[in-house]
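Here is the structure we will look at.
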Amino acid sequence: MKQFSILLLAIASCCLLQAKDRVVKQPPFIVRNSSTIEIDRVVVSDTATVLDIKAYFRPNNWIRISSESYLLADNGEKYPIRSGNGITLDKEFWMPESGEASFSLIFPLLPPTVKVIDFIESDCEDCFKIWGIHLDGKLPKLDLPVTVKAKKTITEESLPAAKFTGGKAILNGYLLGYQKHYQIAAHVLLCNFLTGIFEQNPIKVNEDGTFSMEVELHAPSMVTLKVGDSSVKLFLVPGRETTVAVNLREINRMQSKLLKDHKSGEEQVYCMGAMGRLNNELNEPEHQWTALWEGDQFLKEIYNMSADTYKAYCQSKFEKVKADIQGDKTLSEAGRQLLLIENQYQYALSLSNITSYLMHSFVKYSGLPEREAYQKFQRPVQSENYYDYVSILNKPEMLFCSGYSQMMKYLGYEIDVKLDGNMKDIFSYILSSDKVSAADAQTIKEFSADLGAGKEKPVHMEKMDELRNKYSTLFSEYSAKRMDYIINQVLGKYIGSDKGIFFDLKKVMTLAQKISDFQPMTEADFQSVRQLSDPYYINALTAMNDRLLETIEANKKKTGYTVNEAGEVKDEDLFYSITSKFKGKVILVDFWATWCGPCKMAMKQMKPMKEDLAGKDIVYVFIAGENSPKETWDNMIPDIHGEHYRVTEAQWNYLSKQFSIQGVPTYIIVDKEGGITQKYTGFPGVDTVKKELLKALEK
């Protein structure tokens, strides 16, 4: 009986202790910069504050939590992280096959007066941050500006004509619930119509959460307003003004896995000005039909489909969404028209991306390890009439769809067309050229034979990497000729014409790519564009070409970069010859290429880091090969401060073997004595690079 009393006393003491804990399950928050982590629970005990975290990320990829993480409380104090439970700080945490994981982060005890905290995973730009976490489990009443309260009085407007107009739209905005210490990034994302590349137009947010900017457009068009990890769809019109108030807490709640079912009754956005009613409709949950064409559910439904089954599935979905849009009596006429156009675009996009969509579905739902799933995936075989949907893409209304030109840029690369003669495949084309030596031709024949026989490890794999660089011009020629045949012969017959935006845009994008590669247009180029029906093309390309000529002239005056010669040295001495010049300093060697998007993005992200480390004994060495066109390379490097080398094809191939360079970008960190301390294939992030450079400095 005495032992039983002691047990009851222990249980009572434990309950009394737990009763003192402040526990908030799935606390509401204002805004975040990433959807990778969410807070499932906050426990404030007598000794510590514990954040139970749910992580969502790609299987077999890692995330990391910095030891410099802290909580910023509404009393102005910072509470640095103590430790992790289920995760080791500063170490890679590998996600399981499910893509979901749980762990806890332990911080010092918060005072009982603290009501709101921010989770800051160190102060680096791309680290995880969640602002405005309310420990009482509820958010204060939303304070709407007077102009926003008048939203319901917005009148309906007709959809403008689908034609090139050019010009700037004015976008004004409010970030509701914004605090000046939030380091939230905002930008307008839209596709450059000429290049087919999505570009970020940064927004400068004022301390009160307001902003105003001009957006350059080719025509009335859809754009995406990105605030942190959240997105708002907007339809902007050149020459007109649109105002949007973004309800940060509601749009983040709606896109949260843990909080999406905690309905608040608030709206995500409040739009006014040009196409105000339409823009409100685009962001209302009941009108999100385009979401049916993407996401996990879509990938799950198409698992293991053949090409014919997939097409039938997409046709059925297209008709179902079309009927739902037409039957929605709450939509304005402009909203109905735009959503029907967007549904056509999503239908065409899904059919065009059949291989990548089915591959991602197979990898996600086959149950196989990721690498094995990629290897076992079999490309779908499309029937002859699969491509009859392309007539949609020759409609002027496609101008309204933001990603249309990007889709057109890559259209045809996934189309599997059987050609004859020397166009049968890339190997046949190369072997038909008199530019290929007899020895190289024999290597290519043997590699092609093994590949055709389905051998897992064809002969001459390493040699073929060299030949890919050596005959890059022939590879490009084959790709261009094959694409021309697909566009004009295969797809053209379904369109029933060789005229219209579909054909014009393909021609224009080729020239825009040439300009992007720092190659000015020739008179013949200009003449070919003048023959197109719409003068917009010649005006837009002329302006783009003029900017290039100005850049080329400006580059001649820039400093901060040095062009070096590797010289004629033995292969085994090449890397030492390049780096020994900087002995006594830490070197970041960047193997890159002018055509490599991730290379250029990483350089842009590292620019602030280079400024922070200015004055320290660090040198930045950039090595490119001959597959980076010299004219392009010459005009890119003036904006890339550091020491530049453009090595020969043979030298690049040797360095690739020496350091097992599987792709670009690849980074090598060399210490003051010339020793290699780190190597990364792919950009590991600014934080990692900076940390390793500083570590090498301390040696």
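Starting from 1 in every chain, residues are counted up; chains themselves are A, B, ... following the order of the structure tokens, and ligands are numbered from 1 as listed.
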
For segment 103-192 of chain A against segment 239-252 of chain A, with a cut-off of 6 Å and counting only C-alpha atoms, what is the closest atom pair and its distance in Å to one decimal for every residue that makes the cut, ordered by chain and number, as CSV?
```
residue,atom,partner,partner_atom,distance
A:Lys168,CA,A:Gly239,CA,5.6
A:Ala169,CA,A:Gly239,CA,5.2
A:Ile170,CA,A:Glu241,CA,4.6
A:Leu171,CA,A:Thr242,CA,5.1
A:Asn172,CA,A:Thr243,CA,4.6
A:Gly173,CA,A:Val244,CA,4.8
A:Tyr174,CA,A:Ala245,CA,4.5
A:Leu175,CA,A:Val246,CA,5.0
A:Leu176,CA,A:Asn247,CA,5.0
```

Got time to write the residues from that selection, N, CA and C atoms, as a short mmCIF file (atom, residue, chain, number, x, y, z; two decimals), in the first residue's frame?
```
data_model
loop_
_atom_site.label_atom_id
_atom_site.label_comp_id
_atom_site.auth_asym_id
_atom_site.auth_seq_id
_atom_site.Cartn_x
_atom_site.Cartn_y
_atom_site.Cartn_z
N LYS A 168 4.56 48.96 -69.86
CA LYS A 168 4.74 48.66 -68.45
C LYS A 168 3.41 48.74 -67.71
N ALA A 169 3.16 47.74 -66.89
CA ALA A 169 2.03 47.77 -65.97
C ALA A 169 2.54 48.24 -64.61
N ILE A 170 1.72 48.99 -63.90
CA ILE A 170 2.09 49.44 -62.56
C ILE A 170 1.44 48.51 -61.54
N LEU A 171 2.24 47.98 -60.63
CA LEU A 171 1.74 47.10 -59.59
C LEU A 171 2.01 47.73 -58.23
N ASN A 172 0.95 48.04 -57.50
CA ASN A 172 1.05 48.55 -56.14
C ASN A 172 0.62 47.45 -55.18
N GLY A 173 1.14 47.47 -53.96
CA GLY A 173 0.76 46.40 -53.05
C GLY A 173 0.90 46.72 -51.59
N TYR A 174 0.20 45.90 -50.79
CA TYR A 174 0.29 45.90 -49.33
C TYR A 174 0.60 44.47 -48.91
N LEU A 175 1.53 44.28 -48.00
CA LEU A 175 1.74 42.99 -47.35
C LEU A 175 1.12 43.08 -45.97
N LEU A 176 -0.09 42.58 -45.84
CA LEU A 176 -0.83 42.70 -44.59
C LEU A 176 -0.20 41.84 -43.50
#
```

Inset, instruction - Would you list the contacts of His218 of chain A as a VMD selection string, taking every protein, DNA or RNA residue within 10 Å and counting only C-alpha atoms, but skipping same-chain residues closer than 3 positions in sequence? - result: chain A and resid 163 to 168 191 to 194 221 237 to 238 399 to 400 536 540

For the residues in that selection, give me all heavy atoms as a tab-separated table (two decimals), in the first residue's frame.
```tsv
chain	number	residue	atom	x	y	z
A	163	LYS	N	-3.16	40.44	-78.03
A	163	LYS	CA	-2.25	40.92	-79.06
A	163	LYS	C	-1.07	41.62	-78.40
A	163	LYS	O	-1.14	42.07	-77.25
A	163	LYS	CB	-2.96	41.87	-80.01
A	163	LYS	CG	-3.48	43.15	-79.37
A	163	LYS	CD	-4.17	44.03	-80.40
A	163	LYS	CE	-4.64	45.35	-79.77
A	163	LYS	NZ	-5.30	46.22	-80.76
A	164	PHE	N	0.02	41.71	-79.16
A	164	PHE	CA	1.21	42.38	-78.65
A	164	PHE	C	0.94	43.88	-78.51
A	164	PHE	O	0.47	44.52	-79.44
A	164	PHE	CB	2.38	42.17	-79.60
A	164	PHE	CG	2.89	40.77	-79.64
A	164	PHE	CD1	2.74	39.99	-80.78
A	164	PHE	CD2	3.52	40.21	-78.54
A	164	PHE	CE1	3.21	38.69	-80.83
A	164	PHE	CE2	3.99	38.91	-78.57
A	164	PHE	CZ	3.83	38.15	-79.72
A	165	THR	N	1.23	44.37	-77.33
A	165	THR	CA	1.12	45.81	-77.09
A	165	THR	C	2.41	46.37	-76.53
A	165	THR	O	2.79	47.51	-76.82
A	165	THR	CB	-0.03	46.11	-76.09
A	165	THR	OG1	0.23	45.38	-74.88
A	165	THR	CG2	-1.37	45.69	-76.67
A	166	GLY	N	3.12	45.56	-75.74
A	166	GLY	CA	4.32	46.05	-75.07
A	166	GLY	C	3.93	47.10	-74.04
A	166	GLY	O	2.79	47.55	-73.97
A	167	GLY	N	4.86	47.47	-73.20
A	167	GLY	CA	4.61	48.51	-72.22
A	167	GLY	C	4.74	48.02	-70.79
A	167	GLY	O	4.99	46.85	-70.54
A	168	LYS	N	4.56	48.96	-69.86
A	168	LYS	CA	4.74	48.66	-68.45
A	168	LYS	C	3.41	48.74	-67.71
A	168	LYS	O	2.64	49.68	-67.89
A	168	LYS	CB	5.73	49.65	-67.82
A	168	LYS	CG	7.13	49.57	-68.41
A	168	LYS	CD	8.05	50.62	-67.81
A	168	LYS	CE	9.44	50.52	-68.43
A	168	LYS	NZ	10.36	51.55	-67.90
A	191	CYS	N	7.74	35.20	-67.41
A	191	CYS	CA	8.57	34.63	-68.45
A	191	CYS	C	8.91	35.68	-69.49
A	191	CYS	O	8.01	36.33	-70.03
A	191	CYS	CB	7.83	33.45	-69.09
A	191	CYS	SG	8.87	32.41	-70.10
A	192	ASN	N	10.19	35.84	-69.76
A	192	ASN	CA	10.63	36.72	-70.83
A	192	ASN	C	10.16	36.11	-72.15
A	192	ASN	O	10.57	35.02	-72.53
A	192	ASN	CB	12.15	36.85	-70.83
A	192	ASN	CG	12.67	37.82	-71.86
A	192	ASN	OD1	12.28	37.78	-73.03
A	192	ASN	ND2	13.57	38.69	-71.45
A	193	PHE	N	9.28	36.83	-72.84
A	193	PHE	CA	8.63	36.25	-74.01
A	193	PHE	C	9.62	35.91	-75.11
A	193	PHE	O	9.43	34.94	-75.85
A	193	PHE	CB	7.57	37.21	-74.55
A	193	PHE	CG	6.70	36.60	-75.61
A	193	PHE	CD1	5.73	35.67	-75.27
A	193	PHE	CD2	6.86	36.93	-76.94
A	193	PHE	CE1	4.94	35.09	-76.24
A	193	PHE	CE2	6.07	36.36	-77.92
A	193	PHE	CZ	5.10	35.44	-77.57
A	194	LEU	N	10.69	36.66	-75.25
A	194	LEU	CA	11.65	36.44	-76.33
A	194	LEU	C	12.60	35.28	-76.03
A	194	LEU	O	12.97	34.53	-76.92
A	194	LEU	CB	12.47	37.70	-76.59
A	194	LEU	CG	11.69	38.93	-77.07
A	194	LEU	CD1	12.64	40.11	-77.22
A	194	LEU	CD2	10.97	38.65	-78.38
A	221	SER	N	-0.99	39.84	-69.63
A	221	SER	CA	-0.44	38.52	-69.31
A	221	SER	C	-0.56	38.18	-67.84
A	221	SER	O	-0.63	39.05	-66.98
A	221	SER	CB	1.04	38.47	-69.72
A	221	SER	OG	1.60	37.20	-69.48
A	237	VAL	N	-2.07	44.35	-67.17
A	237	VAL	CA	-2.30	44.94	-68.49
A	237	VAL	C	-1.33	46.10	-68.69
A	237	VAL	O	-1.27	47.01	-67.85
A	237	VAL	CB	-3.76	45.44	-68.62
A	237	VAL	CG1	-4.00	46.02	-70.01
A	237	VAL	CG2	-4.75	44.32	-68.31
A	238	PRO	N	-0.56	46.10	-69.78
A	238	PRO	CA	0.37	47.22	-70.03
A	238	PRO	C	-0.36	48.56	-70.04
A	238	PRO	O	-1.45	48.70	-70.59
A	238	PRO	CB	0.93	46.90	-71.42
A	238	PRO	CG	0.80	45.41	-71.55
A	238	PRO	CD	-0.46	45.06	-70.82
A	399	LEU	N	-0.85	34.11	-75.47
A	399	LEU	CA	-0.08	35.24	-74.96
A	399	LEU	C	-0.43	35.53	-73.50
A	399	LEU	O	0.39	36.06	-72.75
A	399	LEU	CB	-0.36	36.50	-75.79
A	399	LEU	CG	0.22	36.56	-77.20
A	399	LEU	CD1	-0.32	37.79	-77.93
A	399	LEU	CD2	1.73	36.60	-77.16
A	400	PHE	N	-1.66	35.21	-73.10
A	400	PHE	CA	-2.08	35.48	-71.72
A	400	PHE	C	-1.37	34.57	-70.72
A	400	PHE	O	-1.33	34.89	-69.52
A	400	PHE	CB	-3.59	35.27	-71.58
A	400	PHE	CG	-4.43	36.27	-72.33
A	400	PHE	CD1	-5.72	35.94	-72.72
A	400	PHE	CD2	-3.96	37.53	-72.63
A	400	PHE	CE1	-6.52	36.86	-73.40
A	400	PHE	CE2	-4.74	38.45	-73.32
A	400	PHE	CZ	-6.03	38.11	-73.70
A	536	TYR	N	5.91	43.89	-83.77
A	536	TYR	CA	6.39	43.78	-82.38
A	536	TYR	C	7.73	43.05	-82.34
A	536	TYR	O	8.63	43.41	-81.58
A	536	TYR	CB	5.37	43.05	-81.52
A	536	TYR	CG	5.86	42.80	-80.10
A	536	TYR	CD1	5.77	43.79	-79.13
A	536	TYR	CD2	6.44	41.59	-79.75
A	536	TYR	CE1	6.23	43.58	-77.84
A	536	TYR	CE2	6.90	41.37	-78.47
A	536	TYR	CZ	6.80	42.37	-77.51
A	536	TYR	OH	7.27	42.14	-76.25
A	540	ALA	N	11.08	44.52	-80.71
A	540	ALA	CA	11.58	43.91	-79.47
A	540	ALA	C	13.01	43.39	-79.64
A	540	ALA	O	13.87	43.58	-78.77
A	540	ALA	CB	10.65	42.79	-79.02
```

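The closest residue to Lys507 of chain A, picked from A:Ser366, A:Gln489, A:Ser405, A:Ser472 and counting only C-alpha atoms, is A:Ser405.
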
Inset, instruction - Would you kindly return, as a list of chain:residue names, each protein, DNA or RNA residue with an atom no farther than 8 Å from any atom of segment 338-346 of chain A, considering only C-alpha atoms and excluding same-chain residues fewer than 5 positions away? - result: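 Contacts, in chain order: A:Leu159, A:Trp289, A:Thr290, A:Trp293, A:Phe318, A:Val321, A:Lys322, A:Ile325, A:Ile392, A:Leu393, A:Glu397, A:Met398, A:Phe400, A:Cys401, A:Tyr404.
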
Emit the selected residues as a tab-separated table (two decimals), in the first residue's frame, including N, CA and C atoms.
```
chain	number	residue	atom	x	y	z
A	159	LEU	N	-12.14	40.95	-70.78
A	159	LEU	CA	-10.77	40.53	-71.04
A	159	LEU	C	-10.24	41.31	-72.24
A	289	TRP	N	-8.63	25.46	-60.48
A	289	TRP	CA	-8.68	24.28	-61.34
A	289	TRP	C	-7.33	23.93	-61.94
A	290	THR	N	-6.48	24.91	-62.20
A	290	THR	CA	-5.19	24.59	-62.81
A	290	THR	C	-4.32	23.74	-61.90
A	293	TRP	N	-3.75	20.01	-62.56
A	293	TRP	CA	-2.79	19.55	-63.56
A	293	TRP	C	-1.39	19.37	-62.99
A	318	PHE	N	-9.21	17.51	-69.15
A	318	PHE	CA	-9.45	18.78	-69.84
A	318	PHE	C	-10.95	19.04	-69.98
A	321	VAL	N	-12.57	19.76	-66.42
A	321	VAL	CA	-12.26	21.10	-65.92
A	321	VAL	C	-13.00	22.15	-66.74
A	322	LYS	N	-13.04	21.96	-68.04
A	322	LYS	CA	-13.76	22.89	-68.92
A	322	LYS	C	-15.23	22.98	-68.52
A	325	ILE	N	-15.62	24.91	-65.19
A	325	ILE	CA	-15.44	26.36	-65.35
A	325	ILE	C	-16.67	26.97	-66.00
A	392	ILE	N	-3.58	24.13	-80.49
A	392	ILE	CA	-3.87	25.05	-79.38
A	392	ILE	C	-2.78	26.12	-79.27
A	393	LEU	N	-1.55	25.71	-79.53
A	393	LEU	CA	-0.40	26.58	-79.30
A	393	LEU	C	-0.22	27.64	-80.37
A	397	GLU	N	-4.42	33.71	-77.97
A	397	GLU	CA	-4.78	33.75	-76.54
A	397	GLU	C	-3.69	33.15	-75.66
A	398	MET	N	-2.77	32.37	-76.25
A	398	MET	CA	-1.68	31.80	-75.46
A	398	MET	C	-0.77	32.90	-74.89
A	400	PHE	N	-1.66	35.21	-73.10
A	400	PHE	CA	-2.08	35.48	-71.72
A	400	PHE	C	-1.37	34.57	-70.72
A	401	CYS	N	-0.86	33.42	-71.17
A	401	CYS	CA	-0.32	32.40	-70.27
A	401	CYS	C	1.18	32.64	-70.08
A	404	TYR	N	4.01	30.29	-71.56
A	404	TYR	CA	3.83	29.84	-72.94
A	404	TYR	C	5.15	29.82	-73.71
```

Inset, instruction - Rank nothing, just name the residue among A:His644, A:Lys699, A:Lys263, A:His187 nearest to Gly228 of chain A, using only C-alpha atoms. - result: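 For Gly228 of chain A, the nearest of the given residues is A:His187.
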
Inset, instruction - Name the closest residue to Arg253 of chain A among the candidates A:Lys141, A:Arg82, A:Arg32, A:Lys470; distances are taken between atoms, counting only C-alpha atoms. - result: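 Residue with the minimum atom-to-atom distance to Arg253 of chain A: A:Arg32.
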